[in-house]
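Novice: Sending over run14.txt (compact mmCIF, C-alpha atoms).
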```txt
# COMPACT_ATOMS: atom_id res chain seq x y z
CA MET A 201 -3.46 -20.80 -4.28
CA ASN A 202 -5.40 -17.78 -2.98
CA LYS A 203 -5.23 -15.24 -5.81
CA LEU A 204 -5.61 -12.24 -3.48
CA PHE A 205 -2.55 -13.17 -1.46
CA SER A 206 -0.68 -14.30 -4.56
CA ALA A 207 -1.19 -10.86 -6.12
CA SER A 208 -0.33 -9.14 -2.82
CA PHE A 209 2.89 -11.12 -2.47
CA THR A 210 3.80 -10.21 -6.05
CA LEU A 211 3.75 -6.51 -5.14
CA ALA A 212 5.41 -7.08 -1.76
CA GLY A 213 8.09 -9.26 -3.31
CA THR A 214 8.76 -6.70 -6.04
CA ILE A 215 9.13 -3.87 -3.54
CA ILE A 216 11.25 -5.72 -0.98
CA GLY A 217 14.69 -5.96 -2.49
CA ALA A 218 18.11 -4.37 -2.36
CA GLY A 219 16.67 -1.08 -1.14
CA VAL A 220 15.93 -2.40 2.34
CA LEU A 221 19.60 -3.27 2.82
CA GLY A 222 20.70 0.31 2.20
CA LEU A 223 17.98 2.02 4.26
CA PRO A 224 19.64 1.66 7.71
CA TYR A 225 22.92 3.07 6.36
CA VAL A 226 21.44 6.21 4.75
CA ILE A 227 18.74 6.81 7.36
CA GLY A 228 21.44 6.45 10.01
CA GLN A 229 23.18 9.44 8.40
CA SER A 230 20.20 11.72 9.06
CA GLY A 231 18.73 9.97 12.11
CA PHE A 232 15.88 7.50 12.44
CA LEU A 233 13.19 10.07 13.26
CA ILE A 234 13.98 12.15 10.18
CA GLY A 235 14.07 9.00 8.08
CA LEU A 236 10.74 7.86 9.54
CA GLY A 237 9.19 11.18 8.53
CA TRP A 238 10.40 10.71 4.97
CA MET A 239 9.18 7.10 4.98
CA VAL A 240 5.66 8.18 5.94
CA ILE A 241 5.48 11.05 3.43
CA ILE A 242 6.98 9.15 0.50
CA GLY A 243 5.09 5.99 1.47
CA LEU A 244 1.66 7.62 1.44
CA LEU A 245 2.30 9.41 -1.86
CA THR A 246 3.69 6.25 -3.44
CA LEU A 247 0.68 4.20 -2.30
CA LEU A 248 -1.66 6.73 -3.91
CA VAL A 249 0.28 6.48 -7.17
CA TYR A 250 0.06 2.67 -7.08
CA LEU A 251 -3.69 2.82 -6.54
CA MET A 252 -3.87 5.19 -9.53
CA LEU A 253 -1.93 2.70 -11.63
CA GLY A 254 -4.26 -0.07 -10.50
CA GLU A 255 -7.23 1.97 -11.72
CA ILE A 256 -5.43 2.66 -15.01
CA THR A 257 -4.95 -1.05 -15.66
CA LEU A 258 -8.60 -1.74 -14.82
CA ARG A 259 -9.73 0.89 -17.33
CA THR A 260 -7.76 -0.98 -20.02
CA LYS A 261 -9.04 -4.15 -21.70
CA GLU A 262 -5.76 -5.76 -22.75
CA PRO A 263 -2.72 -6.42 -20.52
CA HIS A 264 0.08 -3.86 -20.85
CA GLN A 265 3.06 -2.71 -18.87
CA LEU A 266 3.56 1.03 -18.33
CA PRO A 267 5.02 1.79 -21.80
CA GLY A 268 2.06 0.13 -23.53
CA LEU A 269 -0.40 2.01 -21.34
CA ALA A 270 1.36 5.29 -22.11
CA GLU A 271 1.19 4.67 -25.88
CA LYS A 272 -2.53 3.87 -25.68
CA TYR A 273 -3.53 6.98 -23.75
CA ILE A 274 -0.78 9.57 -24.32
CA GLY A 275 1.14 8.68 -27.50
CA LYS A 276 4.31 7.06 -28.79
CA LYS A 277 6.70 9.74 -27.56
CA MET A 278 5.50 9.28 -24.00
CA LYS A 279 5.67 5.53 -24.46
CA HIS A 280 9.37 5.75 -25.33
CA LEU A 281 10.11 8.09 -22.40
CA ILE A 282 8.34 5.84 -19.90
CA ALA A 283 9.96 2.78 -21.47
CA PHE A 284 13.39 4.37 -21.02
CA LEU A 285 12.69 5.28 -17.38
CA SER A 286 11.13 1.89 -16.59
CA ILE A 287 13.83 -0.12 -18.28
CA SER A 288 16.62 1.97 -16.73
CA TRP A 289 15.13 1.57 -13.24
CA MET A 290 14.72 -2.17 -13.68
CA TYR A 291 18.22 -2.62 -15.10
CA GLY A 292 19.67 -0.59 -12.23
CA SER A 293 17.76 -2.81 -9.81
CA LEU A 294 18.86 -6.07 -11.42
CA ILE A 295 22.49 -4.94 -11.37
CA ALA A 296 22.16 -3.99 -7.69
CA TYR A 297 20.64 -7.38 -6.81
CA VAL A 298 23.39 -9.34 -8.53
CA GLN A 299 26.01 -7.11 -6.91
CA GLY A 300 24.44 -7.28 -3.44
CA SER A 301 23.78 -11.01 -3.48
CA GLY A 302 27.34 -11.63 -4.62
CA GLU A 303 28.62 -9.63 -1.65
CA LEU A 304 26.42 -11.64 0.72
CA ILE A 305 27.52 -15.01 -0.62
CA ASN A 306 31.14 -13.88 -0.55
CA SER A 307 30.88 -12.63 3.06
CA ILE A 308 29.37 -15.93 4.27
CA PHE A 309 31.33 -18.53 2.30
CA GLY A 310 34.43 -16.65 1.19
CA ILE A 311 33.75 -17.55 -2.45
CA HIS A 312 35.32 -15.42 -5.17
CA PRO A 313 32.93 -12.50 -5.93
CA PHE A 314 32.57 -13.49 -9.60
CA ILE A 315 31.56 -17.06 -8.70
CA ALA A 316 29.30 -15.79 -5.90
CA LYS A 317 27.38 -13.60 -8.35
CA LEU A 318 27.15 -16.50 -10.78
CA ILE A 319 25.63 -18.72 -8.07
CA PHE A 320 22.84 -16.17 -7.69
CA PHE A 321 22.37 -15.19 -11.33
CA VAL A 322 22.07 -18.60 -13.00
CA PRO A 323 19.18 -20.21 -11.05
CA PHE A 324 17.10 -17.06 -10.69
CA SER A 325 17.50 -16.05 -14.33
CA ILE A 326 16.10 -19.51 -15.16
CA ILE A 327 13.09 -18.86 -12.90
CA VAL A 328 12.52 -15.55 -14.71
CA TYR A 329 12.16 -17.45 -17.98
CA PHE A 330 8.96 -19.13 -16.77
CA GLY A 331 6.99 -15.86 -16.72
CA VAL A 332 4.06 -14.78 -14.55
CA ARG A 333 3.45 -18.24 -13.06
CA GLY A 334 7.10 -18.41 -12.06
CA VAL A 335 6.73 -15.02 -10.34
CA GLU A 336 3.59 -16.14 -8.49
CA GLU A 337 5.12 -19.35 -7.20
CA THR A 338 8.48 -17.82 -6.27
CA GLU A 339 7.10 -14.80 -4.39
CA TYR A 340 4.23 -16.69 -2.77
CA LEU A 341 6.84 -18.97 -1.19
CA MET A 342 9.67 -16.49 -0.58
CA THR A 343 7.82 -13.45 0.78
CA PRO A 344 6.74 -15.30 3.98
CA VAL A 345 10.40 -16.33 4.42
CA ILE A 346 11.35 -12.65 4.33
CA ILE A 347 8.79 -11.78 7.00
CA PHE A 348 9.86 -14.77 9.13
CA SER A 349 13.49 -13.62 8.95
CA ILE A 350 12.51 -10.08 9.97
CA LEU A 351 10.63 -11.40 13.03
CA LEU A 352 13.64 -13.45 14.10
CA LEU A 353 15.94 -10.45 13.66
CA SER A 354 13.53 -8.27 15.63
CA ILE A 355 13.35 -10.61 18.60
CA ALA A 356 17.09 -11.27 18.68
CA SER A 357 18.00 -7.58 18.30
CA LEU A 358 16.07 -6.62 21.42
CA PHE A 359 19.05 -7.83 23.45
CA TYR A 360 21.31 -5.22 21.77
CA PHE A 361 18.81 -2.43 21.21
CA GLU A 362 19.80 1.01 22.55
CA PRO A 363 16.87 3.50 22.46
CA SER A 364 19.27 6.45 22.47
CA ASN A 365 20.53 5.41 19.02
CA ILE A 366 17.19 6.10 17.35
CA LEU A 367 16.86 9.55 18.94
CA LYS A 368 20.01 10.96 17.36
CA MET A 369 19.52 13.36 14.43
CA GLU A 370 21.84 15.05 11.97
CA MET A 371 19.89 17.86 10.29
CA SER A 372 22.65 18.59 7.79
CA ASN A 373 21.94 15.18 6.20
CA TYR A 374 18.15 15.48 6.20
CA LEU A 375 17.92 14.70 2.46
CA ALA A 376 20.15 11.61 2.60
CA PRO A 377 17.34 9.02 2.85
CA VAL A 378 15.08 10.37 0.09
CA GLY A 379 16.63 8.70 -2.95
CA ILE A 380 16.91 5.24 -1.41
CA ILE A 381 13.42 5.41 0.11
CA MET A 382 12.03 6.13 -3.37
CA PHE A 383 14.03 3.20 -4.69
CA ALA A 384 13.09 0.91 -1.80
CA LEU A 385 9.35 1.49 -2.25
CA ALA A 386 9.41 1.12 -6.04
CA GLY A 387 7.25 -1.72 -7.29
CA MET A 388 4.94 -0.22 -9.92
CA SER A 389 5.92 -2.85 -12.48
CA ALA A 390 4.13 -5.50 -10.39
CA ILE A 391 0.68 -3.93 -10.66
CA PRO A 392 -0.05 -4.92 -14.29
CA GLN A 393 1.08 -8.43 -13.31
CA MET A 394 -1.33 -8.34 -10.37
CA LYS A 395 -4.17 -7.59 -12.76
CA GLU A 396 -3.20 -10.67 -14.77
CA ILE A 397 -3.12 -12.81 -11.63
CA LEU A 398 -6.55 -11.46 -10.63
CA TRP A 399 -7.94 -11.60 -14.17
CA LYS A 400 -11.19 -13.26 -13.02
CA GLU A 401 -11.27 -11.42 -9.69
CA LYS A 402 -10.37 -7.85 -10.67
CA LYS A 403 -12.48 -6.33 -7.89
CA LYS A 404 -9.80 -7.54 -5.46
CA LEU A 405 -7.01 -5.48 -7.06
CA LYS A 406 -7.37 -2.46 -4.76
CA LYS A 407 -7.29 -4.60 -1.63
CA SER A 408 -4.29 -6.56 -2.91
CA ILE A 409 -2.39 -3.30 -3.58
CA LEU A 410 -3.08 -2.11 -0.02
CA ILE A 411 -1.96 -5.43 1.47
CA GLY A 412 1.02 -5.81 -0.84
CA PHE A 413 2.28 -2.29 -0.09
CA SER A 414 1.71 -2.49 3.68
CA ILE A 415 3.91 -5.58 4.09
CA PRO A 416 7.18 -3.98 2.88
CA PHE A 417 6.33 -0.53 4.28
CA PHE A 418 6.07 -1.71 7.89
CA THR A 419 8.85 -4.26 7.39
CA TYR A 420 11.17 -1.42 6.34
CA ILE A 421 10.33 0.66 9.41
CA VAL A 422 10.91 -2.26 11.77
CA PHE A 423 14.11 -3.40 10.07
CA THR A 424 15.59 0.12 9.93
CA MET A 425 14.73 0.86 13.57
CA ILE A 426 16.27 -2.46 14.64
CA CYS A 427 19.51 -1.91 12.75
CA ILE A 428 20.00 1.68 13.91
CA GLY A 429 19.02 0.78 17.48
CA ALA A 430 21.41 -2.16 17.62
CA LEU A 431 24.30 -0.76 15.57
CA GLY A 432 24.17 3.00 16.06
CA SER A 433 26.40 4.65 13.48
CA ASN A 434 28.44 1.49 12.81
CA ILE A 435 26.35 0.37 9.85
CA SER A 436 27.82 -0.79 6.56
CA GLU A 437 26.13 -0.11 3.22
CA VAL A 438 24.70 -3.65 3.34
CA ALA A 439 23.21 -3.60 6.82
CA THR A 440 22.90 -7.35 7.41
CA ILE A 441 26.65 -7.78 6.99
CA SER A 442 27.21 -5.41 9.94
CA LEU A 443 24.75 -7.35 12.09
CA GLY A 444 26.60 -10.57 11.33
CA GLU A 445 30.03 -9.06 11.98
CA GLN A 446 29.07 -7.51 15.33
CA TYR A 447 26.63 -10.01 16.83
CA GLY A 448 27.60 -13.43 15.56
CA THR A 449 26.34 -16.46 13.69
CA PHE A 450 22.60 -16.03 14.26
CA PHE A 451 22.56 -12.60 12.63
CA LEU A 452 24.95 -13.73 9.93
CA VAL A 453 22.60 -16.57 8.93
CA PHE A 454 19.15 -15.06 9.32
CA GLY A 455 20.09 -11.48 8.46
CA ASN A 456 21.71 -12.52 5.22
CA LEU A 457 18.97 -15.06 4.50
CA PHE A 458 16.49 -12.21 4.64
CA ALA A 459 18.67 -10.08 2.37
CA PHE A 460 19.25 -12.87 -0.14
CA VAL A 461 15.60 -13.91 -0.39
CA ALA A 462 14.47 -10.29 -0.69
CA MET A 463 16.79 -9.66 -3.61
CA ALA A 464 15.87 -12.96 -5.24
CA THR A 465 12.13 -12.27 -5.23
CA CYS A 466 12.65 -8.77 -6.60
CA PHE A 467 15.06 -10.04 -9.27
CA VAL A 468 12.48 -12.54 -10.51
CA SER A 469 9.60 -10.06 -10.58
CA LEU A 470 11.52 -7.27 -12.30
CA GLY A 471 13.10 -9.67 -14.77
CA ASN A 472 9.63 -10.89 -15.73
CA SER A 473 8.41 -7.29 -16.07
CA LEU A 474 11.25 -6.47 -18.45
CA ILE A 475 10.35 -9.48 -20.59
CA GLU A 476 6.74 -8.26 -20.72
CA VAL A 477 7.83 -4.76 -21.77
CA TYR A 478 9.78 -6.15 -24.73
CA ASN A 479 7.24 -8.87 -25.57
CA GLN A 480 3.87 -7.15 -25.01
CA ASP A 481 4.75 -3.53 -25.75
CA TYR A 482 7.44 -3.91 -28.44
CA GLY A 483 6.37 -7.21 -30.03
CA MET A 484 9.68 -9.04 -29.58
CA SER A 485 9.77 -12.83 -29.29
CA LYS A 486 9.94 -14.35 -25.82
CA ASN A 487 13.53 -15.54 -26.25
CA ILE A 488 14.78 -12.16 -27.52
CA SER A 489 12.84 -10.42 -24.74
CA TYR A 490 14.45 -12.74 -22.19
CA LEU A 491 17.97 -12.02 -23.45
CA GLY A 492 17.23 -8.29 -23.52
CA ALA A 493 16.08 -8.47 -19.91
CA MET A 494 18.91 -10.57 -18.50
CA LEU A 495 22.08 -9.67 -20.39
CA PRO A 496 22.51 -6.09 -19.02
CA ALA A 497 22.49 -7.50 -15.47
CA LEU A 498 25.84 -9.08 -16.33
CA ILE A 499 27.38 -5.61 -15.90
CA ALA A 500 27.49 -6.46 -12.19
CA PHE A 501 30.12 -9.12 -12.94
CA PHE A 502 32.58 -6.43 -14.04
CA GLY A 503 32.33 -4.16 -11.00
CA VAL A 504 29.97 -1.26 -10.26
CA SER A 505 29.84 1.84 -8.07
CA SER A 506 28.99 1.92 -4.39
CA PHE A 507 25.94 -0.17 -3.50
CA THR A 508 24.02 2.74 -1.96
CA GLU A 509 25.08 5.12 -4.74
CA ILE A 510 23.44 2.83 -7.31
CA LEU A 511 20.24 2.74 -5.27
CA SER A 512 20.08 6.51 -4.65
CA LEU A 513 20.88 7.45 -8.22
CA THR A 514 18.33 5.01 -9.60
CA GLY A 515 15.69 6.35 -7.23
CA CYS A 516 16.33 9.99 -8.13
CA LEU A 517 16.83 9.75 -11.87
CA PHE A 518 14.31 7.10 -12.88
CA ILE A 519 11.73 6.22 -10.22
CA ALA A 520 10.53 9.71 -9.24
CA PRO A 521 9.93 10.74 -12.90
CA LEU A 522 7.98 7.49 -13.35
CA MET A 523 5.73 8.49 -10.46
CA VAL A 524 5.02 11.83 -12.14
CA SER A 525 4.32 10.03 -15.43
CA ILE A 526 1.79 7.73 -13.75
CA VAL A 527 -0.08 10.73 -12.31
CA TYR A 528 -0.30 12.26 -15.80
CA LEU A 529 -1.36 8.91 -17.26
CA PHE A 530 -4.05 8.64 -14.56
CA ILE A 531 -5.52 11.99 -15.59
CA LYS A 532 -5.61 10.98 -19.26
CA THR A 533 -7.03 7.53 -18.56
CA ARG A 534 -9.99 8.98 -16.66
CA GLU A 535 -10.88 10.76 -19.92
CA LYS A 536 -10.10 7.95 -22.41
CA GLY A 537 -10.48 4.67 -20.49
CA GLU A 538 -11.80 1.65 -22.40
CA ARG A 539 -13.95 0.18 -19.63
CA LYS A 540 -15.47 0.98 -16.26
CA PRO A 541 -12.94 0.03 -13.56
CA GLU A 542 -13.75 -2.11 -10.55
CA TYR A 543 -12.79 0.83 -8.32
CA GLU A 544 -12.47 4.58 -8.89
CA LEU A 545 -10.35 6.98 -6.84
CA LYS A 546 -11.89 10.34 -5.97
CA ILE A 547 -8.67 12.34 -5.91
CA PRO A 548 -8.95 16.16 -6.18
CA ASP A 549 -6.71 18.04 -8.58
CA TRP A 550 -4.74 19.73 -5.78
CA THR A 551 -3.68 16.31 -4.49
CA LEU A 552 -2.47 15.29 -7.94
CA TRP A 553 -0.45 18.52 -8.17
CA THR A 554 0.98 17.96 -4.67
CA ILE A 555 2.18 14.48 -5.59
CA THR A 556 3.68 15.72 -8.84
CA LEU A 557 5.50 18.68 -7.29
CA PHE A 558 6.86 16.57 -4.43
CA PHE A 559 8.53 14.05 -6.72
CA VAL A 560 9.80 16.79 -9.06
CA PHE A 561 11.37 18.83 -6.25
CA ALA A 562 12.64 15.80 -4.36
CA THR A 563 14.36 14.57 -7.50
CA ALA A 564 15.88 17.98 -8.22
CA LEU A 565 17.12 18.52 -4.65
CA VAL A 566 18.52 15.05 -4.12
CA GLY A 567 20.02 14.99 -7.61
CA TRP A 568 21.71 18.33 -6.98
CA GLN A 569 23.05 17.12 -3.64
CA PHE A 570 24.39 13.98 -5.28
CA LEU A 571 26.20 16.01 -7.96
CA LEU A 572 27.72 18.30 -5.34
CA PHE A 573 29.15 15.46 -3.28
```
Go through the file and emit its structure as structure tokens.
Specialist:
Amino acid sequence: MNKLFSASFTLAGTIIGAGVLGLPYVIGQSGFLIGLGWMVIIGLLTLLVYLMLGEITLRTKEPHQLPGLAEKYIGKKMKHLIAFLSISWMYGSLIAYVQGSGELINSIFGIHPFIAKLIFFVPFSIIVYFGVRGVEETEYLMTPVIIFSILLLSIASLFYFEPSNILKMEMSNYLAPVGIIMFALAGMSAIPQMKEILWKEKKKLKKSILIGFSIPFFTYIVFTMICIGALGSNISEVATISLGEQYGTFFLVFGNLFAFVAMATCFVSLGNSLIEVYNQDYGMSKNISYLGAMLPALIAFFGVSSFTEILSLTGCLFIAPLMVSIVYLFIKTREKGERKPEYELKIPDWTLWTITLFFVFATALVGWQFLLF
């Protein structure tokens, strides 16, 4: 297996998940052009942060997830804060994936929601148990399936595409997409795994981050434009369900195949990352780490809030603060790094401050809007 593409698919598979299903719904509230603007801004800033994290891991001799890196360069208090944010984001994601996949299986086969969630949870929680190799194999196979499904949806949707739908804007809802975009582009937990995959080829890490991020970024833009163009304002919170309901069997099968595979790959990658946090950074046994990673996802079996509310809230409360933490960690690692990295970013201080302030203010504004409504 080509390690460059294996590492790239690990990042792409981690990013592409439940977030893509909610993007058309929330971006449709503000309008595609406004949402596209947010996608570009948040996407570029997020990519910079991921490249920073890649450099951080390369400056560190031993493998660590974010909490372990924070303890090494900043201290135990920061380790616990980042651990809380990381674990909360990953738990929120796992719950969303179980919830969303259960809805998909239920909509297609009419199976009871509890059983539908069980059908998803059992096999993919077993895959999680096999660790990094399980992540490599799963995402290397599944990520191309995701892209294939998107291409099929794109071609088929041309017959229903109305250009006027993507020109509509609602300025009063201009902040609506921010939280879910932050959630949808989140995949920082994959980067330490990518370093492990490229252990003997670390010089390829930067390129693999660029490739791995570009795949979901452009996939999101295409998928969102297609859904809004074909559906207008008649988009459900899980967009592929609306495509299936309005345009028939083809969209029902391939749209929901895309959604299911996307959530499955992300579930596996994030589940493995949680195990590594407990095992590598807190010294727990593999079995205890596995139970700690998987058991909270069972909350989805007992009912949760709105699908898009989970995504937005997770993006605002946990992911944006993690981005700020990585920037701070980057600054400290440049001073205290253990080894010379295979690549070094020449980022001026004003850019670091811009990234930090954006995520702080975006979190505050979107969080305030969420509390008001």
Novice: Please list as a ChimeraX atom specification every residue within 7 Å of segment 294-309 of chain A, counting all atoms listed in the file and excluding residues in the same chain fewer than 5 positions away.
Specialist: /A:218,316-317,320-321,456,460,463,467,497,499-500,507,510
Novice: I'd like the interatomic distance between atom CA of Ser206 of chain A and atom CA of Lys400 of chain A, to a tenth of an Å.
Specialist: 13.5 Å
Novice: Near Met523 of chain A, within 10 Å and counting only C-alpha atoms, which residues show up once chain neighbours fewer than 3 positions away are dropped, as a PyMOL selection string?
Specialist: chain A and resi 245-246+249-250+253+382+386+388+518-520+526-529+555-556+559-560
Novice: Take atom CA of Thr563 of chain A and atom CA of Pro377 of chain A and report the distance between them in Å, one decimal.
Specialist: 12.1 Å
Novice: Using all atoms listed in the file, can you list as an mmCIF file with C-alpha atoms, in the frame of the given file the residues within 10 Å of (16.5, -13.2, -22.3)?
Specialist:
```
data_model
loop_
_atom_site.group_PDB
_atom_site.id
_atom_site.type_symbol
_atom_site.label_atom_id
_atom_site.label_comp_id
_atom_site.auth_asym_id
_atom_site.auth_seq_id
_atom_site.Cartn_x
_atom_site.Cartn_y
_atom_site.Cartn_z
ATOM 1 C CA SER A 325 17.500 -16.050 -14.330
ATOM 2 C CA ILE A 326 16.100 -19.510 -15.160
ATOM 3 C CA VAL A 328 12.520 -15.550 -14.710
ATOM 4 C CA TYR A 329 12.160 -17.450 -17.980
ATOM 5 C CA GLY A 471 13.100 -9.670 -14.770
ATOM 6 C CA ASN A 472 9.630 -10.890 -15.730
ATOM 7 C CA LEU A 474 11.250 -6.470 -18.450
ATOM 8 C CA ILE A 475 10.350 -9.480 -20.590
ATOM 9 C CA SER A 485 9.770 -12.830 -29.290
ATOM 10 C CA LYS A 486 9.940 -14.350 -25.820
ATOM 11 C CA ASN A 487 13.530 -15.540 -26.250
ATOM 12 C CA ILE A 488 14.780 -12.160 -27.520
ATOM 13 C CA SER A 489 12.840 -10.420 -24.740
ATOM 14 C CA TYR A 490 14.450 -12.740 -22.190
ATOM 15 C CA LEU A 491 17.970 -12.020 -23.450
ATOM 16 C CA GLY A 492 17.230 -8.290 -23.520
ATOM 17 C CA ALA A 493 16.080 -8.470 -19.910
ATOM 18 C CA MET A 494 18.910 -10.570 -18.500
ATOM 19 C CA LEU A 495 22.080 -9.670 -20.390
ATOM 20 C CA PRO A 496 22.510 -6.090 -19.020
#
```
Novice: Which residue, A:Leu204, A:Ile287, A:Ile350, A:Ala390, has the smallest gap to Phe423 of chain A when you use only C-alpha atoms?
Specialist: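 Of the candidates, the smallest distance to Phe423 of chain A is held by A:Ile350.
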Novice: Can you work out the spacing between atom CA of Ile227 of chain A and atom CA of Ile428 of chain A in Å, to one decimal?
Specialist: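 Taking atom CA of Ile227 of chain A and atom CA of Ile428 of chain A, their separation equals 8.4 Å.
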Novice: Here is a test: counting all atoms listed in the file, which residue of A:Leu452, A:Ile381, A:Val524, A:Leu545 is nearest to Gly237 of chain A?
Specialist: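 Going through A:Leu452, A:Ile381, A:Val524, A:Leu545 one by one, the smallest distance to Gly237 of chain A is for A:Ile381.
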Novice: Please return as a ChimeraX atom specification every residue within 8 Å of (-12.8, -0.3, -5.8), taking into account all atoms listed in the file and the file's own coordinates.
Specialist: /A:403-406,541-545
Novice: Which residues are near Ala439 of chain A? Cut-off 8 Å, only C-alpha atoms, ignore same chain within fewer than 5 positions. Put them as an MDAnalysis selection string.
Specialist: chainID A and resid 221:222 224:225 427
Novice: I'd like to know which of A:Ile547, A:Leu565, A:Leu522, A:Ile380 is closest to Ala270 of chain A, using only C-alpha atoms.
Specialist: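 Among A:Ile547, A:Leu565, A:Leu522, A:Ile380, it is A:Leu522 that comes nearest to Ala270 of chain A.
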Novice: Which of these residues is nearest to Gly228 of chain A, using only C-alpha atoms: A:Leu410, A:Cys516, A:Leu511, A:Ile366?
Specialist: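 Comparing A:Leu410, A:Cys516, A:Leu511, A:Ile366 against Gly228 of chain A, the winner is A:Ile366.
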Novice: For Gly213 of chain A, which residue out of A:Phe502, A:Glu262, A:Gln229, A:Leu385 is the nearest one, using all atoms listed in the file?
Specialist: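 Smallest separation from Gly213 of chain A among the options: A:Leu385.
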Novice: Using all atoms listed in the file, which residue out of A:Met369, A:Ile421, A:Ile397, A:Ile327 lies closest to Val240 of chain A?
Specialist: A:Ile421
